[in-house]
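Visitor: Enclosed is the structure file structure.cif (mmCIF, C-alpha atoms).
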data_coords
loop_
_atom_site.group_PDB
_atom_site.id
_atom_site.type_symbol
_atom_site.label_atom_id
_atom_site.label_comp_id
_atom_site.auth_asym_id
_atom_site.auth_seq_id
_atom_site.Cartn_x
_atom_site.Cartn_y
_atom_site.Cartn_z
ATOM 1 C CA MET D 38 41.732 -98.444 79.070
ATOM 2 C CA THR D 39 42.880 -94.821 79.048
ATOM 3 C CA GLU D 40 46.501 -93.749 79.595
ATOM 4 C CA ALA D 41 45.581 -92.389 83.029
ATOM 5 C CA SER D 42 43.794 -95.573 84.067
ATOM 6 C CA SER D 43 46.628 -97.780 82.794
ATOM 7 C CA GLY D 44 49.091 -95.752 84.863
ATOM 8 C CA GLU D 45 46.859 -96.036 87.934
ATOM 9 C CA PHE D 46 46.537 -99.784 87.357
ATOM 10 C CA LEU D 47 50.310 -100.109 87.511
ATOM 11 C CA ARG D 48 50.707 -97.966 90.602
ATOM 12 C CA THR D 49 48.093 -99.806 92.625
ATOM 13 C CA GLN D 50 48.544 -103.428 91.591
ATOM 14 C CA HIS D 51 51.979 -104.118 90.199
ATOM 15 C CA SER D 52 55.668 -103.670 90.893
ATOM 16 C CA VAL D 53 57.566 -102.442 87.857
ATOM 17 C CA VAL D 54 61.205 -103.375 87.311
ATOM 18 C CA PHE D 55 63.460 -101.926 84.617
ATOM 19 C CA VAL D 56 65.972 -104.399 83.156
ATOM 20 C CA LYS D 57 68.780 -103.389 80.817
ATOM 21 C CA LEU D 58 70.850 -105.867 78.842
ATOM 22 C CA GLY D 59 74.113 -104.039 78.270
ATOM 23 C CA GLY D 60 75.678 -103.882 74.840
ATOM 24 C CA SER D 61 78.876 -105.385 76.230
ATOM 25 C CA LEU D 62 76.833 -108.350 77.455
ATOM 26 C CA ILE D 63 74.762 -109.210 74.397
ATOM 27 C CA THR D 64 77.363 -108.318 71.746
ATOM 28 C CA ASN D 65 81.095 -108.635 71.272
ATOM 29 C CA LYS D 66 82.049 -104.953 71.334
ATOM 30 C CA ARG D 67 85.477 -105.714 69.856
ATOM 31 C CA ARG D 68 83.925 -106.897 66.588
ATOM 32 C CA GLN D 69 81.433 -104.856 64.617
ATOM 33 C CA SER D 70 77.844 -106.165 64.508
ATOM 34 C CA THR D 71 78.613 -109.350 66.420
ATOM 35 C CA PRO D 72 75.783 -110.579 68.668
ATOM 36 C CA ARG D 73 76.123 -113.102 71.476
ATOM 37 C CA LEU D 74 73.086 -115.178 70.642
ATOM 38 C CA ASP D 75 73.829 -117.764 73.319
ATOM 39 C CA VAL D 76 73.772 -115.047 75.973
ATOM 40 C CA LEU D 77 70.500 -113.647 74.639
ATOM 41 C CA LYS D 78 68.958 -117.126 74.767
ATOM 42 C CA MET D 79 70.127 -117.634 78.346
ATOM 43 C CA LEU D 80 68.781 -114.278 79.533
ATOM 44 C CA ALA D 81 65.472 -114.757 77.736
ATOM 45 C CA GLY D 82 65.023 -118.089 79.501
ATOM 46 C CA GLN D 83 65.675 -116.517 82.899
ATOM 47 C CA LEU D 84 63.199 -113.728 82.253
ATOM 48 C CA ALA D 85 60.568 -116.222 81.132
ATOM 49 C CA ASP D 86 61.121 -118.233 84.330
ATOM 50 C CA ALA D 87 60.812 -115.107 86.483
ATOM 51 C CA LEU D 88 57.516 -114.109 84.863
ATOM 52 C CA ALA D 89 56.175 -117.632 85.370
ATOM 53 C CA ALA D 90 57.158 -117.513 89.052
ATOM 54 C CA LYS D 91 55.735 -114.007 89.602
ATOM 55 C CA PRO D 92 52.816 -113.416 87.219
ATOM 56 C CA ASP D 93 52.146 -109.949 88.686
ATOM 57 C CA LEU D 94 55.656 -108.747 87.855
ATOM 58 C CA ARG D 95 55.818 -105.991 85.258
ATOM 59 C CA ILE D 96 59.081 -105.457 83.375
ATOM 60 C CA LEU D 97 60.321 -102.704 81.109
ATOM 61 C CA LEU D 98 63.131 -104.322 79.139
ATOM 62 C CA GLY D 99 65.889 -102.346 77.465
ATOM 63 C CA HIS D 100 69.123 -103.128 75.673
ATOM 64 C CA GLY D 101 72.239 -101.308 74.586
ATOM 65 C CA SER D 102 73.515 -101.146 71.010
ATOM 66 C CA GLY D 103 76.908 -102.692 71.649
ATOM 67 C CA SER D 104 78.946 -103.415 68.536
ATOM 68 C CA PHE D 105 76.009 -102.464 66.328
ATOM 69 C CA GLY D 106 74.925 -98.850 66.888
ATOM 70 C CA HIS D 107 78.045 -97.636 68.710
ATOM 71 C CA TRP D 108 80.356 -98.347 65.778
ATOM 72 C CA GLU D 109 78.179 -96.371 63.372
ATOM 73 C CA ALA D 110 77.592 -93.574 65.877
ATOM 74 C CA ASP D 111 81.307 -93.230 66.530
ATOM 75 C CA GLN D 112 82.028 -92.938 62.829
ATOM 76 C CA TYR D 113 79.539 -90.100 62.331
ATOM 77 C CA GLN D 114 79.840 -88.520 65.830
ATOM 78 C CA THR D 115 76.050 -88.630 66.029
ATOM 79 C CA ARG D 116 75.890 -88.071 69.790
ATOM 80 C CA GLN D 117 77.385 -84.584 69.365
ATOM 81 C CA GLY D 118 74.860 -83.446 66.768
ATOM 82 C CA VAL D 119 73.566 -83.955 63.230
ATOM 83 C CA HIS D 120 73.654 -81.128 60.680
ATOM 84 C CA SER D 121 75.322 -81.955 57.362
ATOM 85 C CA PRO D 122 73.852 -84.243 54.677
ATOM 86 C CA GLU D 123 76.541 -86.803 55.479
ATOM 87 C CA GLN D 124 75.661 -86.709 59.168
ATOM 88 C CA TRP D 125 71.965 -87.166 58.411
ATOM 89 C CA ARG D 126 72.819 -90.213 56.296
ATOM 90 C CA GLY D 127 74.837 -91.449 59.257
ATOM 91 C CA PHE D 128 71.817 -90.792 61.475
ATOM 92 C CA THR D 129 69.818 -93.313 59.446
ATOM 93 C CA ARG D 130 72.685 -95.827 59.495
ATOM 94 C CA VAL D 131 72.870 -95.676 63.286
ATOM 95 C CA SER D 132 69.122 -96.277 63.429
ATOM 96 C CA ALA D 133 69.383 -99.244 61.072
ATOM 97 C CA ALA D 134 72.181 -100.801 63.130
ATOM 98 C CA ALA D 135 70.245 -100.419 66.395
ATOM 99 C CA LEU D 136 67.163 -101.969 64.817
ATOM 100 C CA THR D 137 69.170 -104.915 63.493
ATOM 101 C CA LEU D 138 70.229 -105.827 67.025
ATOM 102 C CA ASN D 139 66.739 -105.105 68.341
ATOM 103 C CA ARG D 140 65.311 -107.677 65.954
ATOM 104 C CA LEU D 141 67.713 -110.322 67.296
ATOM 105 C CA VAL D 142 66.666 -109.497 70.859
ATOM 106 C CA ILE D 143 62.986 -109.760 69.928
ATOM 107 C CA GLU D 144 63.495 -113.144 68.290
ATOM 108 C CA SER D 145 65.354 -114.565 71.299
ATOM 109 C CA PHE D 146 62.728 -113.456 73.821
ATOM 110 C CA VAL D 147 59.714 -114.417 71.743
ATOM 111 C CA GLU D 148 61.215 -117.878 71.241
ATOM 112 C CA ALA D 149 61.546 -118.180 75.036
ATOM 113 C CA GLY D 150 57.872 -117.293 75.470
ATOM 114 C CA VAL D 151 58.363 -113.716 76.726
ATOM 115 C CA PRO D 152 55.648 -111.388 75.343
ATOM 116 C CA VAL D 153 57.996 -108.588 74.265
ATOM 117 C CA LEU D 154 56.677 -105.601 72.345
ATOM 118 C CA SER D 155 59.398 -103.454 70.790
ATOM 119 C CA LEU D 156 58.631 -99.726 70.955
ATOM 120 C CA GLN D 157 61.245 -97.717 69.053
ATOM 121 C CA PRO D 158 62.270 -94.693 71.163
ATOM 122 C CA SER D 159 63.037 -92.411 68.205
ATOM 123 C CA ALA D 160 59.372 -92.562 67.194
ATOM 124 C CA ALA D 161 58.254 -91.234 70.592
ATOM 125 C CA VAL D 162 61.052 -88.976 71.859
ATOM 126 C CA LEU D 163 62.133 -85.373 71.402
ATOM 127 C CA ALA D 164 65.435 -84.198 72.898
ATOM 128 C CA ARG D 165 67.072 -80.854 73.579
ATOM 129 C CA GLU D 166 70.865 -80.658 73.859
ATOM 130 C CA GLY D 167 71.065 -84.406 74.314
ATOM 131 C CA ARG D 168 68.403 -84.661 77.037
ATOM 132 C CA ILE D 169 64.869 -85.992 76.672
ATOM 133 C CA ILE D 170 62.253 -83.258 76.945
ATOM 134 C CA ASP D 171 59.226 -85.213 75.723
ATOM 135 C CA TYR D 172 58.427 -88.927 75.560
ATOM 136 C CA ASN D 173 55.051 -90.384 74.654
ATOM 137 C CA ALA D 174 54.997 -93.143 77.273
ATOM 138 C CA GLY D 175 51.343 -94.065 76.729
ATOM 139 C CA PRO D 176 52.063 -97.213 74.663
ATOM 140 C CA ILE D 177 54.593 -98.384 77.271
ATOM 141 C CA GLN D 178 52.066 -97.907 80.080
ATOM 142 C CA ARG D 179 49.392 -99.790 78.173
ATOM 143 C CA ALA D 180 51.752 -102.651 77.348
ATOM 144 C CA LEU D 181 52.680 -103.031 81.012
ATOM 145 C CA ALA D 182 49.067 -102.850 82.135
ATOM 146 C CA TYR D 183 48.155 -105.707 79.810
ATOM 147 C CA GLY D 184 51.021 -107.918 80.980
ATOM 148 C CA LEU D 185 53.314 -107.379 78.002
ATOM 149 C CA VAL D 186 57.037 -106.629 78.224
ATOM 150 C CA PRO D 187 57.733 -103.352 76.393
ATOM 151 C CA LEU D 188 61.204 -103.302 74.879
ATOM 152 C CA VAL D 189 63.189 -100.088 74.386
ATOM 153 C CA PHE D 190 66.807 -99.561 73.391
ATOM 154 C CA GLY D 191 69.549 -97.010 72.875
ATOM 155 C CA ASP D 192 68.490 -95.100 69.784
ATOM 156 C CA ILE D 193 68.748 -91.951 67.719
ATOM 157 C CA ALA D 194 66.523 -88.985 68.532
ATOM 158 C CA PHE D 195 65.616 -85.677 66.943
ATOM 159 C CA ASP D 196 66.995 -82.767 68.969
ATOM 160 C CA ASP D 197 65.755 -79.159 69.053
ATOM 161 C CA VAL D 198 69.293 -77.792 69.298
ATOM 162 C CA LEU D 199 71.618 -80.485 67.937
ATOM 163 C CA GLY D 200 69.422 -81.563 65.045
ATOM 164 C CA GLY D 201 69.853 -85.167 66.036
ATOM 165 C CA THR D 202 71.606 -87.092 68.777
ATOM 166 C CA ILE D 203 71.807 -90.490 70.456
ATOM 167 C CA LEU D 204 70.113 -91.503 73.687
ATOM 168 C CA SER D 205 71.400 -94.338 75.809
ATOM 169 C CA THR D 206 69.111 -96.859 77.451
ATOM 170 C CA GLU D 207 70.015 -95.218 80.772
ATOM 171 C CA ASP D 208 68.828 -91.847 79.412
ATOM 172 C CA ILE D 209 65.518 -93.488 78.573
ATOM 173 C CA PHE D 210 65.234 -95.284 81.927
ATOM 174 C CA VAL D 211 65.922 -92.100 83.876
ATOM 175 C CA TYR D 212 63.175 -90.220 82.054
ATOM 176 C CA LEU D 213 60.650 -93.067 82.298
ATOM 177 C CA ALA D 214 61.355 -93.572 86.003
ATOM 178 C CA GLN D 215 59.414 -90.405 86.781
ATOM 179 C CA VAL D 216 56.408 -91.852 84.931
ATOM 180 C CA LEU D 217 56.535 -95.516 85.972
ATOM 181 C CA ARG D 218 58.346 -95.280 89.332
ATOM 182 C CA PRO D 219 60.038 -98.698 89.240
ATOM 183 C CA SER D 220 60.981 -100.430 92.472
ATOM 184 C CA GLN D 221 64.207 -101.702 90.943
ATOM 185 C CA ILE D 222 66.488 -101.011 88.002
ATOM 186 C CA LEU D 223 68.763 -103.893 86.998
ATOM 187 C CA LEU D 224 71.674 -103.002 84.725
ATOM 188 C CA LEU D 225 73.311 -106.168 83.431
ATOM 189 C CA GLY D 226 76.722 -106.072 81.800
ATOM 190 C CA ASN D 227 79.843 -108.166 81.355
ATOM 191 C CA ALA D 228 81.490 -106.874 84.553
ATOM 192 C CA PRO D 229 80.549 -108.127 88.041
ATOM 193 C CA GLY D 230 79.605 -104.584 89.074
ATOM 194 C CA VAL D 231 81.376 -101.247 89.514
ATOM 195 C CA LEU D 232 85.051 -101.945 90.071
ATOM 196 C CA GLY D 233 87.249 -100.080 92.534
ATOM 197 C CA PRO D 234 90.976 -99.343 92.342
ATOM 198 C CA ASP D 235 91.823 -102.880 93.454
ATOM 199 C CA ARG D 236 89.590 -104.289 90.683
ATOM 200 C CA GLN D 237 87.216 -105.582 93.352
ATOM 201 C CA THR D 238 83.482 -104.929 93.117
ATOM 202 C CA ILE D 239 82.239 -101.903 95.055
ATOM 203 C CA ALA D 240 79.323 -103.304 97.056
ATOM 204 C CA THR D 241 77.360 -100.094 97.609
ATOM 205 C CA ILE D 242 77.299 -96.573 96.174
ATOM 206 C CA THR D 243 75.208 -93.750 97.631
ATOM 207 C CA PRO D 244 75.073 -90.034 96.816
ATOM 208 C CA GLU D 245 77.361 -89.469 99.824
ATOM 209 C CA SER D 246 79.959 -92.025 98.730
ATOM 210 C CA LEU D 247 79.941 -91.077 95.039
ATOM 211 C CA PRO D 248 82.773 -88.487 95.230
ATOM 212 C CA ALA D 249 85.146 -91.113 96.606
ATOM 213 C CA VAL D 250 84.089 -93.577 93.914
ATOM 214 C CA GLN D 251 84.290 -91.177 90.970
ATOM 215 C CA ALA D 252 88.053 -91.067 90.995
ATOM 216 C CA HIS D 253 88.090 -94.759 90.151
ATOM 217 C CA LEU D 254 85.375 -94.821 87.530
ATOM 218 C CA ARG D 255 86.528 -95.184 83.986
ATOM 219 C CA VAL D 256 84.735 -95.023 80.695
ATOM 220 C CA SER D 257 84.390 -98.173 78.638
ATOM 221 C CA GLY D 258 87.497 -99.571 76.997
ATOM 222 C CA TYR D 259 85.350 -100.417 73.988
ATOM 223 C CA THR D 260 83.666 -98.138 71.471
ATOM 224 C CA ASP D 261 80.963 -96.463 73.553
ATOM 225 C CA VAL D 262 79.570 -93.109 72.498
ATOM 226 C CA THR D 263 77.347 -92.664 75.558
ATOM 227 C CA GLY D 264 79.914 -92.451 78.329
ATOM 228 C CA GLY D 265 80.406 -95.987 79.639
ATOM 229 C CA MET D 266 80.375 -96.882 83.329
ATOM 230 C CA ALA D 267 81.100 -93.383 84.635
ATOM 231 C CA ASP D 268 78.018 -91.918 82.971
ATOM 232 C CA LYS D 269 75.914 -94.907 84.048
ATOM 233 C CA VAL D 270 76.831 -94.514 87.723
ATOM 234 C CA ASN D 271 76.388 -90.735 87.739
ATOM 235 C CA GLN D 272 72.940 -90.993 86.167
ATOM 236 C CA MET D 273 71.784 -93.691 88.551
ATOM 237 C CA VAL D 274 73.031 -91.855 91.649
ATOM 238 C CA ALA D 275 71.199 -88.721 90.529
ATOM 239 C CA LEU D 276 68.080 -90.830 90.013
ATOM 240 C CA VAL D 277 68.063 -92.441 93.474
ATOM 241 C CA ARG D 278 68.735 -89.041 95.022
ATOM 242 C CA ARG D 279 65.563 -87.798 93.349
ATOM 243 C CA TYR D 280 63.540 -90.970 93.996
ATOM 244 C CA PRO D 281 64.863 -92.617 97.201
ATOM 245 C CA ASP D 282 62.453 -95.560 96.902
ATOM 246 C CA ILE D 283 64.255 -96.844 93.787
ATOM 247 C CA GLU D 284 67.196 -99.238 94.058
ATOM 248 C CA VAL D 285 69.644 -99.858 91.233
ATOM 249 C CA ARG D 286 71.808 -102.934 90.797
ATOM 250 C CA ILE D 287 74.753 -103.018 88.401
ATOM 251 C CA MET D 288 75.591 -106.672 87.961
ATOM 252 C CA SER D 289 76.955 -109.349 85.682
ATOM 253 C CA GLY D 290 74.554 -110.987 83.287
ATOM 254 C CA TYR D 291 76.826 -114.003 82.916
ATOM 255 C CA GLU D 292 76.347 -115.377 86.424
ATOM 256 C CA SER D 293 74.078 -118.396 86.318
ATOM 257 C CA GLY D 294 70.511 -117.495 87.262
ATOM 258 C CA SER D 295 71.414 -113.990 88.439
ATOM 259 C CA LEU D 296 68.666 -112.196 86.502
ATOM 260 C CA ARG D 297 65.978 -114.632 87.624
ATOM 261 C CA ARG D 298 67.041 -114.378 91.279
ATOM 262 C CA ALA D 299 67.068 -110.587 91.231
ATOM 263 C CA LEU D 300 63.544 -110.507 89.785
ATOM 264 C CA VAL D 301 61.956 -113.252 91.848
ATOM 265 C CA ASP D 302 63.515 -112.416 95.225
ATOM 266 C CA PRO D 303 64.847 -108.833 95.296
ATOM 267 C CA SER D 304 65.398 -109.054 99.065
ATOM 268 C CA ALA D 305 67.868 -111.922 98.710
ATOM 269 C CA PRO D 306 71.614 -111.248 99.047
ATOM 270 C CA TYR D 307 72.641 -109.457 95.893
ATOM 271 C CA THR D 308 75.648 -109.673 93.660
ATOM 272 C CA GLY D 309 77.198 -106.680 91.976
ATOM 273 C CA THR D 310 76.921 -103.052 93.040
ATOM 274 C CA LEU D 311 73.847 -101.648 94.778
ATOM 275 C CA ILE D 312 73.104 -97.953 94.246
ATOM 276 C CA HIS D 313 70.621 -96.473 96.700
ATOM 277 C CA ALA D 314 69.873 -93.243 98.498
ATOM 278 C CA LEU D 315 70.486 -94.303 102.077
ATOM 279 C CA SER D 316 73.885 -93.980 103.690
ATOM 280 C CA PRO D 317 75.291 -97.249 105.051
ATOM 281 C CA VAL D 318 75.006 -97.695 108.824
ATOM 282 C CA SER D 319 78.399 -97.193 110.479
#
What does the file become when written as structure tokens?

Guide:
Amino acid sequence: MTEASSGEFLRTQHSVVFVKLGGSLITNKRRQSTPRLDVLKMLAGQLADALAAKPDLRILLGHGSGSFGHWEADQYQTRQGVHSPEQWRGFTRVSAAALTLNRLVIESFVEAGVPVLSLQPSAAVLAREGRIIDYNAGPIQRALAYGLVPLVFGDIAFDDVLGGTILSTEDIFVYLAQVLRPSQILLLGNAPGVLGPDRQTIATITPESLPAVQAHLRVSGYTDVTGGMADKVNQMVALVRRYPDIEVRIMSGYESGSLRRALVDPSAPYTGTLIHALSPVS
């Protein structure tokens, strides 16, 4: 199957959903290199159940680096650029940390019966000033076409201007959305959604309502080199403005069965924050 035919296969026969497991969800971001293996096991089981219930579902799975890659990246300031010999050594350490967590994710999902195929972004991406300018998505398209679950993650990347940098999973999702055109993007974290000034979950965010919401967004209280919640929301609003047929949910991954429900019945009442292009009806 050629890359073109695999892409056409997806567009005509299958709904693609992007799912991100946030670093704050699958690791303890207050303690370096500390995974939450029980959470990974729970999420893997839900994803396996969803695929069994909807065999035609196609999922691109991603995960953050949490207390693995972010600690190393913060130490070497890798996001801002890589130039000196010390920074290049740090570049490799960030990569090693991200891959260590990736291996734990793979093991959890394979054990649950999910056919994950890890595809390291740094081997396929070129960036310029911190933004992806080229991504060989062919292997991802083929994996989806054959019913596999390609797995990507926040990773290092070579950069034409900065030498090297770090790309978040959201950076990767935004770029791949133009290729795969998902119907949904589910961003799972440890918070119930985007929180407003009263610490209550904001139910809906649209491009029109974003300015009012931005004043209340805050970056992560943990070590997070890629901008935390504020960057996540801004990227997703820009994405739905460009592709109005995509809906984004920011939701808790701790709620029992929440991932399975969102995948099996996306029209059901949702929890968390829904980001979409349409203004709410007054």

Visitor: Measuring atom to atom with only C-alpha atoms, identify which of D:Tyr280, D:Tyr212, D:Phe190, D:Tyr183 is nearest to Ala164 (chain D).

Guide: D:Tyr212

Visitor: Could you give me, as a list of chain:residue names, the residues within 10 Å of Ala299 (chain D), counting all atoms listed in the file and dropping anything in the same chain fewer than 4 positions from it?

Guide: D:Ala87, D:Gln221, D:Leu223, D:Arg286, D:Met288, D:Gly294, D:Ser295, D:Pro303, D:Ser304, D:Ala305, D:Pro306, D:Tyr307, D:Thr308

Visitor: Quick one: which region 164-254 of chain D residues come within 8 Å of region 122-140 of chain D, and what is the nearest atom pair for each with the distance in Å to one decimal, counting only C-alpha atoms, rows ordered by chain and ascending number, as JSON lines?

Guide:
{"residue": "D:Phe190", "atom": "CA", "partner": "D:Asn139", "partner_atom": "CA", "distance": 7.5}
{"residue": "D:Gly191", "atom": "CA", "partner": "D:Ala135", "partner_atom": "CA", "distance": 7.4}
{"residue": "D:Asp192", "atom": "CA", "partner": "D:Ser132", "partner_atom": "CA", "distance": 6.5}
{"residue": "D:Ile193", "atom": "CA", "partner": "D:Ser132", "partner_atom": "CA", "distance": 6.1}
{"residue": "D:Gly201", "atom": "CA", "partner": "D:Phe128", "partner_atom": "CA", "distance": 7.5}

Visitor: Considering all atoms listed in the file, state which residue in the set D:Ile177, D:Ala89, D:Ala228, D:Val211 is at the smallest distance from Ser61 (chain D).

Guide: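 Closest to Ser61 (chain D), using all atoms listed in the file: D:Ala228.
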
Visitor: Residues picked by the PyMOL selection byres ((chain D and resi 78) around 10) here, as a PyMOL selection string?

Guide: chain D and resi 63+73-77+79-83+142+144-146+148-149

Visitor: Measuring atom to atom with all atoms listed in the file, identify which of D:Gly118, D:Gly200, D:Pro152, D:Pro234 is nearest to Leu88 (chain D).

Guide: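 Closest to Leu88 (chain D) of all the choices is D:Pro152.
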
Visitor: For a quick check of understanding, using only C-alpha atoms, which of D:Ala194, D:Val147, D:Val53, D:Gly233 has the smallest distance to Leu163 (chain D)?

Guide: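 Comparing D:Ala194, D:Val147, D:Val53, D:Gly233 against Leu163 (chain D), the winner is D:Ala194.
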
Visitor: Name the residues that the PyMOL selection byres ((chain D and resi 56) around 12) picks from the file above, as a PDB file with C-alpha atoms, keeping the file's coordinate frame, using the file's chain letters and numbers.

Guide:
ATOM      1  CA  VAL D  53      57.566-102.442  87.857  1.00  0.00           C
ATOM      2  CA  VAL D  54      61.205-103.375  87.311  1.00  0.00           C
ATOM      3  CA  PHE D  55      63.460-101.926  84.617  1.00  0.00           C
ATOM      4  CA  LYS D  57      68.780-103.389  80.817  1.00  0.00           C
ATOM      5  CA  LEU D  58      70.850-105.867  78.842  1.00  0.00           C
ATOM      6  CA  GLY D  59      74.113-104.039  78.270  1.00  0.00           C
ATOM      7  CA  LEU D  80      68.781-114.278  79.533  1.00  0.00           C
ATOM      8  CA  ALA D  81      65.472-114.757  77.736  1.00  0.00           C
ATOM      9  CA  LEU D  84      63.199-113.728  82.253  1.00  0.00           C
ATOM     10  CA  ARG D  95      55.818-105.991  85.258  1.00  0.00           C
ATOM     11  CA  ILE D  96      59.081-105.457  83.375  1.00  0.00           C
ATOM     12  CA  LEU D  97      60.321-102.704  81.109  1.00  0.00           C
ATOM     13  CA  LEU D  98      63.131-104.322  79.139  1.00  0.00           C
ATOM     14  CA  GLY D  99      65.889-102.346  77.465  1.00  0.00           C
ATOM     15  CA  HIS D 100      69.123-103.128  75.673  1.00  0.00           C
ATOM     16  CA  GLY D 101      72.239-101.308  74.586  1.00  0.00           C
ATOM     17  CA  VAL D 186      57.037-106.629  78.224  1.00  0.00           C
ATOM     18  CA  PRO D 187      57.733-103.352  76.393  1.00  0.00           C
ATOM     19  CA  LEU D 188      61.204-103.302  74.879  1.00  0.00           C
ATOM     20  CA  VAL D 189      63.189-100.088  74.386  1.00  0.00           C
ATOM     21  CA  PHE D 190      66.807 -99.561  73.391  1.00  0.00           C
ATOM     22  CA  THR D 206      69.111 -96.859  77.451  1.00  0.00           C
ATOM     23  CA  GLU D 207      70.015 -95.218  80.772  1.00  0.00           C
ATOM     24  CA  ILE D 209      65.518 -93.488  78.573  1.00  0.00           C
ATOM     25  CA  PHE D 210      65.234 -95.284  81.927  1.00  0.00           C
ATOM     26  CA  PRO D 219      60.038 -98.698  89.240  1.00  0.00           C
ATOM     27  CA  SER D 220      60.981-100.430  92.472  1.00  0.00           C
ATOM     28  CA  GLN D 221      64.207-101.702  90.943  1.00  0.00           C
ATOM     29  CA  ILE D 222      66.488-101.011  88.002  1.00  0.00           C
ATOM     30  CA  LEU D 223      68.763-103.893  86.998  1.00  0.00           C
ATOM     31  CA  LEU D 224      71.674-103.002  84.725  1.00  0.00           C
ATOM     32  CA  LEU D 225      73.311-106.168  83.431  1.00  0.00           C
ATOM     33  CA  GLY D 226      76.722-106.072  81.800  1.00  0.00           C
ATOM     34  CA  VAL D 285      69.644 -99.858  91.233  1.00  0.00           C
ATOM     35  CA  ARG D 286      71.808-102.934  90.797  1.00  0.00           C
ATOM     36  CA  ILE D 287      74.753-103.018  88.401  1.00  0.00           C
ATOM     37  CA  MET D 288      75.591-106.672  87.961  1.00  0.00           C
ATOM     38  CA  GLY D 290      74.554-110.987  83.287  1.00  0.00           C
ATOM     39  CA  LEU D 296      68.666-112.196  86.502  1.00  0.00           C
ATOM     40  CA  ARG D 297      65.978-114.632  87.624  1.00  0.00           C
ATOM     41  CA  ALA D 299      67.068-110.587  91.231  1.00  0.00           C
ATOM     42  CA  LEU D 300      63.544-110.507  89.785  1.00  0.00           C
TER      43      LEU D 300
END

Visitor: One number please: CA of Leu204 (chain D) to CA of Leu141 (chain D), in Å, one decimal.

Guide: 20.0 Å

Visitor: Measuring atom to atom with all atoms listed in the file, identify which of D:Gly103, D:Pro281, D:Gln251, D:Ala275 is nearest to Thr71 (chain D).

Guide: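 Of the candidates, the smallest distance to Thr71 (chain D) is held by D:Gly103.
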
Visitor: Compare D:Met273, D:Leu232, D:Val250, D:Leu217 by their minimum atom-to-atom distance to Gly309 (chain D), counting all atoms listed in the file, and give me the closest one.

Guide: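 Nearest candidate to Gly309 (chain D) out of D:Met273, D:Leu232, D:Val250, D:Leu217: D:Leu232.
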
Visitor: Quick one: everything within 9 Å of Ile242 (chain D), counting all atoms listed in the file, minus sequence neighbours fewer than 6 positions away in the same chain. Send it as a VMD selection string.

Guide: chain D and resid 250 270 274 310 to 314 316

Visitor: Find the residues with any atom within 9 Å of (72.7, -75.8, 65.6); use all atoms listed in the file and the coordinates as given in the file, and write the answer as a PyMOL selection string.

Guide: chain D and resi 118-120+197-200

Visitor: Quick one: distance from CA of Asp282 (chain D) to CA of Leu315 (chain D) in Å, one decimal?

Guide: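 Spanning CA of Asp282 (chain D) to CA of Leu315 (chain D) is a straight-line distance of 9.6 Å.
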
Visitor: How would you write, as JSON, numbers by chain, the residues chosen by the PyMOL selection byres ((chain D and resi 110) around 9) on this structure?

Guide: {"D": [106, 107, 108, 109, 111, 112, 113, 114, 115, 116, 127, 128, 130, 131, 203, 261, 262]}

Visitor: Can you save region 245-255 of chain D of the given block to a file, including N, CA and C atoms and formatted as a short mmCIF file (atom, residue, chain, number, x, y, z; two decimals), in the first residue's frame?

Guide:
data_model
loop_
_atom_site.label_atom_id
_atom_site.label_comp_id
_atom_site.auth_asym_id
_atom_site.auth_seq_id
_atom_site.Cartn_x
_atom_site.Cartn_y
_atom_site.Cartn_z
N GLU D 245 -13.82 32.89 19.72
CA GLU D 245 -14.42 34.14 20.17
C GLU D 245 -14.29 34.33 21.68
N SER D 246 -14.37 33.24 22.43
CA SER D 246 -14.32 33.36 23.89
C SER D 246 -12.91 33.30 24.46
N LEU D 247 -11.93 32.97 23.61
CA LEU D 247 -10.55 32.82 24.10
C LEU D 247 -10.02 34.06 24.82
N PRO D 248 -10.19 35.27 24.28
CA PRO D 248 -9.63 36.44 24.98
C PRO D 248 -10.09 36.56 26.43
N ALA D 249 -11.33 36.23 26.70
CA ALA D 249 -11.84 36.31 28.07
C ALA D 249 -11.24 35.21 28.94
N VAL D 250 -10.91 34.09 28.32
CA VAL D 250 -10.35 32.95 29.07
C VAL D 250 -8.87 33.15 29.34
N GLN D 251 -8.16 33.78 28.42
CA GLN D 251 -6.70 33.87 28.52
C GLN D 251 -6.22 34.52 29.81
N ALA D 252 -6.98 35.45 30.31
CA ALA D 252 -6.56 36.12 31.53
C ALA D 252 -6.47 35.16 32.71
N HIS D 253 -7.17 34.04 32.61
CA HIS D 253 -7.22 33.10 33.73
C HIS D 253 -6.33 31.88 33.52
N LEU D 254 -5.79 31.76 32.32
CA LEU D 254 -4.92 30.62 32.06
C LEU D 254 -3.60 30.82 32.78
N ARG D 255 -3.07 29.73 33.26
CA ARG D 255 -1.76 29.81 33.90
C ARG D 255 -0.92 28.66 33.40
#
